[in-house]
Amino acid sequence: EGKALLKRWLPEYSNKAFGLDNAGCMVTPGVLDPTKGDDWNVILEKNPWLKTERLVAKPDQMIGGRGKAGLIAVNKSFDEVKAWISERMCKDTTVAGITGQLTHFLIEPFVPHQQSEEFYVCIQSHRYKDEIFFYHEGGVDVGDVDSKASKLAIPTGCDISEEMVRLELLSEVEASKQKTLASFIKA
């Protein structure tokens with residue numbers, strides 16, 4: 001639920017410079033058995049925007065290469081997303097030679113954009129540091145980001161500046177976008 005955390009805390013940490021209007025919604029196996037969780041009707045009641053927006057759906061599990069594996073549904077209606085998730089929920093799926101069941105899916109609003117407007121940002125927390133990974137290309141074809149990304153390690157309890165972010169992570173980004181990106185990442 002990383003986007004839910006962003007929706008809650010990003011405005012505060014960025015002095016309201018950034019926000020997230022919609023963090024999407026989670027779909028769990030409860031849709032298959034309403035006695036165990038939220039069925040589709042409850043999900044719709046809690047998220048009426050699902051009927052009015054074009055949508056993206058994907059497994060919300062630690063899977064790299066979801067796009068290449070056909071595990072992202074893009075620019076779909078609610079009925080299309082519902083069918084797509086239902087076809088995959090709790091069924092064996094193989095990605096990169098590993099087989100397992102998909103049990104959690106995220107539905108988000110579809111945001112039309114150009115490939116040149118997509119970036120990859122990942123923050124990992126370790127015992128004595130946090131580490132920010134950044135790559136100037138995002139999307140389905142990004143490949144092995146961990147080997148390509150610029151990294152910035154921040155010792156626990158330390159802060160970073162926008163200048164540090166710009167210098168360490170954003171060298172491949174056009175200058176006109178660096179200030180906004182640095183501010184966003186710092187937040």
# chains A, B, ... in the order shown; residues from 1 in each chain; ligands from 1

$ residues_around --residues "A:Ala69" --least-positions-apart "2" --cutoff "9 Å" --atoms "only C-alpha atoms" --output "list in words"
Gly65, Arg66, Gly67, Leu71, Ile72, Thr94, Val95 and Ala96 of chain A

$ write_last_selection --atoms "all heavy atoms" --output "tab-separated table (two decimals), in the first residue's frame"
chain	number	residue	atom	x	y	z
A	65	GLY	N	9.03	-7.34	-13.86
A	65	GLY	CA	8.67	-7.72	-15.22
A	65	GLY	C	7.19	-8.02	-15.42
A	65	GLY	O	6.82	-8.82	-16.28
A	66	ARG	N	6.32	-7.38	-14.62
A	66	ARG	CA	4.88	-7.63	-14.76
A	66	ARG	C	4.37	-7.29	-16.16
A	66	ARG	O	3.56	-8.01	-16.73
A	66	ARG	CB	4.08	-6.81	-13.74
A	66	ARG	CG	4.26	-7.27	-12.33
A	66	ARG	CD	3.48	-6.41	-11.37
A	66	ARG	NE	4.08	-5.08	-11.31
A	66	ARG	CZ	3.86	-4.20	-10.36
A	66	ARG	NH1	3.02	-4.48	-9.39
A	66	ARG	NH2	4.44	-3.03	-10.38
A	67	GLY	N	4.86	-6.17	-16.70
A	67	GLY	CA	4.39	-5.75	-18.02
A	67	GLY	C	4.75	-6.74	-19.10
A	67	GLY	O	3.92	-7.12	-19.92
A	71	LEU	N	1.01	-8.96	-17.21
A	71	LEU	CA	0.30	-8.82	-15.94
A	71	LEU	C	-0.06	-7.38	-15.60
A	71	LEU	O	-0.16	-7.02	-14.43
A	71	LEU	CB	1.14	-9.45	-14.82
A	71	LEU	CG	1.29	-10.97	-14.91
A	71	LEU	CD1	2.22	-11.48	-13.82
A	71	LEU	CD2	-0.06	-11.65	-14.84
A	72	ILE	N	-0.25	-6.56	-16.63
A	72	ILE	CA	-0.76	-5.22	-16.42
A	72	ILE	C	-1.87	-4.98	-17.46
A	72	ILE	O	-1.65	-5.15	-18.66
A	72	ILE	CB	0.34	-4.14	-16.57
A	72	ILE	CG1	1.46	-4.38	-15.55
A	72	ILE	CG2	-0.25	-2.74	-16.38
A	72	ILE	CD1	2.62	-3.41	-15.66
A	94	THR	N	3.18	-18.15	-13.79
A	94	THR	CA	4.64	-18.28	-13.84
A	94	THR	C	5.23	-17.02	-14.44
A	94	THR	O	4.84	-16.60	-15.53
A	94	THR	CB	5.05	-19.51	-14.67
A	94	THR	OG1	4.46	-20.67	-14.09
A	94	THR	CG2	6.56	-19.67	-14.70
A	95	VAL	N	6.16	-16.42	-13.70
A	95	VAL	CA	6.89	-15.24	-14.16
A	95	VAL	C	8.37	-15.50	-13.90
A	95	VAL	O	8.76	-15.81	-12.77
A	95	VAL	CB	6.43	-13.96	-13.43
A	95	VAL	CG1	7.25	-12.76	-13.89
A	95	VAL	CG2	4.95	-13.71	-13.65
A	96	ALA	N	9.17	-15.35	-14.93
A	96	ALA	CA	10.62	-15.53	-14.82
A	96	ALA	C	10.97	-16.87	-14.18
A	96	ALA	O	11.86	-16.97	-13.34
A	96	ALA	CB	11.26	-14.37	-14.05

$ closest_residue --among "A:Glu168, A:Glu131, A:Glu108, A:Asp39" --to "A:Ala73" --atoms "only C-alpha atoms"
A:Glu108

$ residues_around --residues "A:Ala182" --least-positions-apart "3" --cutoff "9 Å" --atoms "only C-alpha atoms" --output "ChimeraX atom specification"
/A:161-166,169-170,177-179,185-187

$ closest_residue --among "A:Glu45, A:Gln101, A:Glu137, A:Gly24" --to "A:Gln114" --atoms "only C-alpha atoms"
A:Glu137

$ residues_around --residues "A:Cys158" --least-positions-apart "2" --cutoff "12 Å" --atoms "only C-alpha atoms" --output "PDB file with C-alpha atoms, in the first residue's frame"
ATOM      1  CA  TYR A 128      21.145   1.382   8.965  1.00  0.00           C
ATOM      2  CA  LYS A 129      20.192   3.324   5.860  1.00  0.00           C
ATOM      3  CA  ASP A 130      17.546   4.098   3.303  1.00  0.00           C
ATOM      4  CA  GLU A 131      18.446   3.860  -0.350  1.00  0.00           C
ATOM      5  CA  ALA A 153      22.273   5.926   0.325  1.00  0.00           C
ATOM      6  CA  ILE A 154      21.040   7.933   3.305  1.00  0.00           C
ATOM      7  CA  PRO A 155      22.226   6.817   6.751  1.00  0.00           C
ATOM      8  CA  THR A 156      19.416   6.390   9.264  1.00  0.00           C
ATOM      9  CA  ILE A 160      19.114  14.894   2.147  1.00  0.00           C
ATOM     10  CA  SER A 161      18.930  18.072   0.125  1.00  0.00           C
TER      11      SER A 161
END

$ atom_distance --atom1 "atom CA of A:Ser116" --atom2 "atom CA of A:Ser171"
15.2 Å

$ residues_around --residues "A:Gln61" --least-positions-apart "5" --cutoff "8 Å" --atoms "only C-alpha atoms" --output "count of residues only"
3

$ residues_around --residues "A:Ile85" --least-positions-apart "6" --cutoff "12 Å" --atoms "only C-alpha atoms" --output "list in words"
Met26, Val27, Thr28, Pro29, Val31, Leu32, Trp40, Val56, Ala57, Lys58, Pro59, Asp60, Leu71, Ile72, Ala73, Lys76, Phe78, Asp79, Lys91, Leu102, Thr103, His104, Phe105, Leu106 and Ile107 of chain A

$ atom_distance --atom1 "atom CA of A:Ile123" --atom2 "atom CA of A:Arg54"
28.0 Å

$ atom_distance --atom1 "atom CA of A:Lys16" --atom2 "atom CA of A:Ser176"
21.1 Å

$ closest_residue --among "A:Asp144, A:Glu174, A:Gly97, A:Trp49" --to "A:Tyr120" --atoms "only C-alpha atoms"
A:Asp144

$ select_by_dssp --residues "stretch 119-176 of chain A" --states "helix (DSSP H, G or I)" --output "list in words"
Val140, Asp141, Val142, Val145, Asp146, Ser147, Lys148, Glu162, Glu163, Met164, Val165, Arg166, Leu167, Glu168, Leu169, Ala175 and Ser176 of chain A

$ write_last_selection --atoms "C-alpha atoms" --output "compact mmCIF listing (two decimals), in the first residue's frame"
# COMPACT_ATOMS: atom_id res chain seq x y z
CA VAL A 140 7.25 -1.86 -19.11
CA ASP A 141 10.51 -2.01 -21.04
CA VAL A 142 12.78 -0.61 -18.32
CA VAL A 145 16.47 -1.37 -13.06
CA ASP A 146 18.56 -2.33 -10.05
CA SER A 147 21.65 -2.71 -12.23
CA LYS A 148 20.97 0.51 -14.21
CA GLU A 162 17.44 18.67 -3.30
CA GLU A 163 20.97 19.46 -4.48
CA MET A 164 22.19 16.01 -3.35
CA VAL A 165 19.31 14.39 -5.21
CA ARG A 166 20.05 16.37 -8.38
CA LEU A 167 23.77 15.60 -8.31
CA GLU A 168 23.56 11.92 -7.36
CA LEU A 169 20.41 10.78 -9.18
CA ALA A 175 17.57 20.25 -16.79
CA SER A 176 14.04 21.69 -17.01
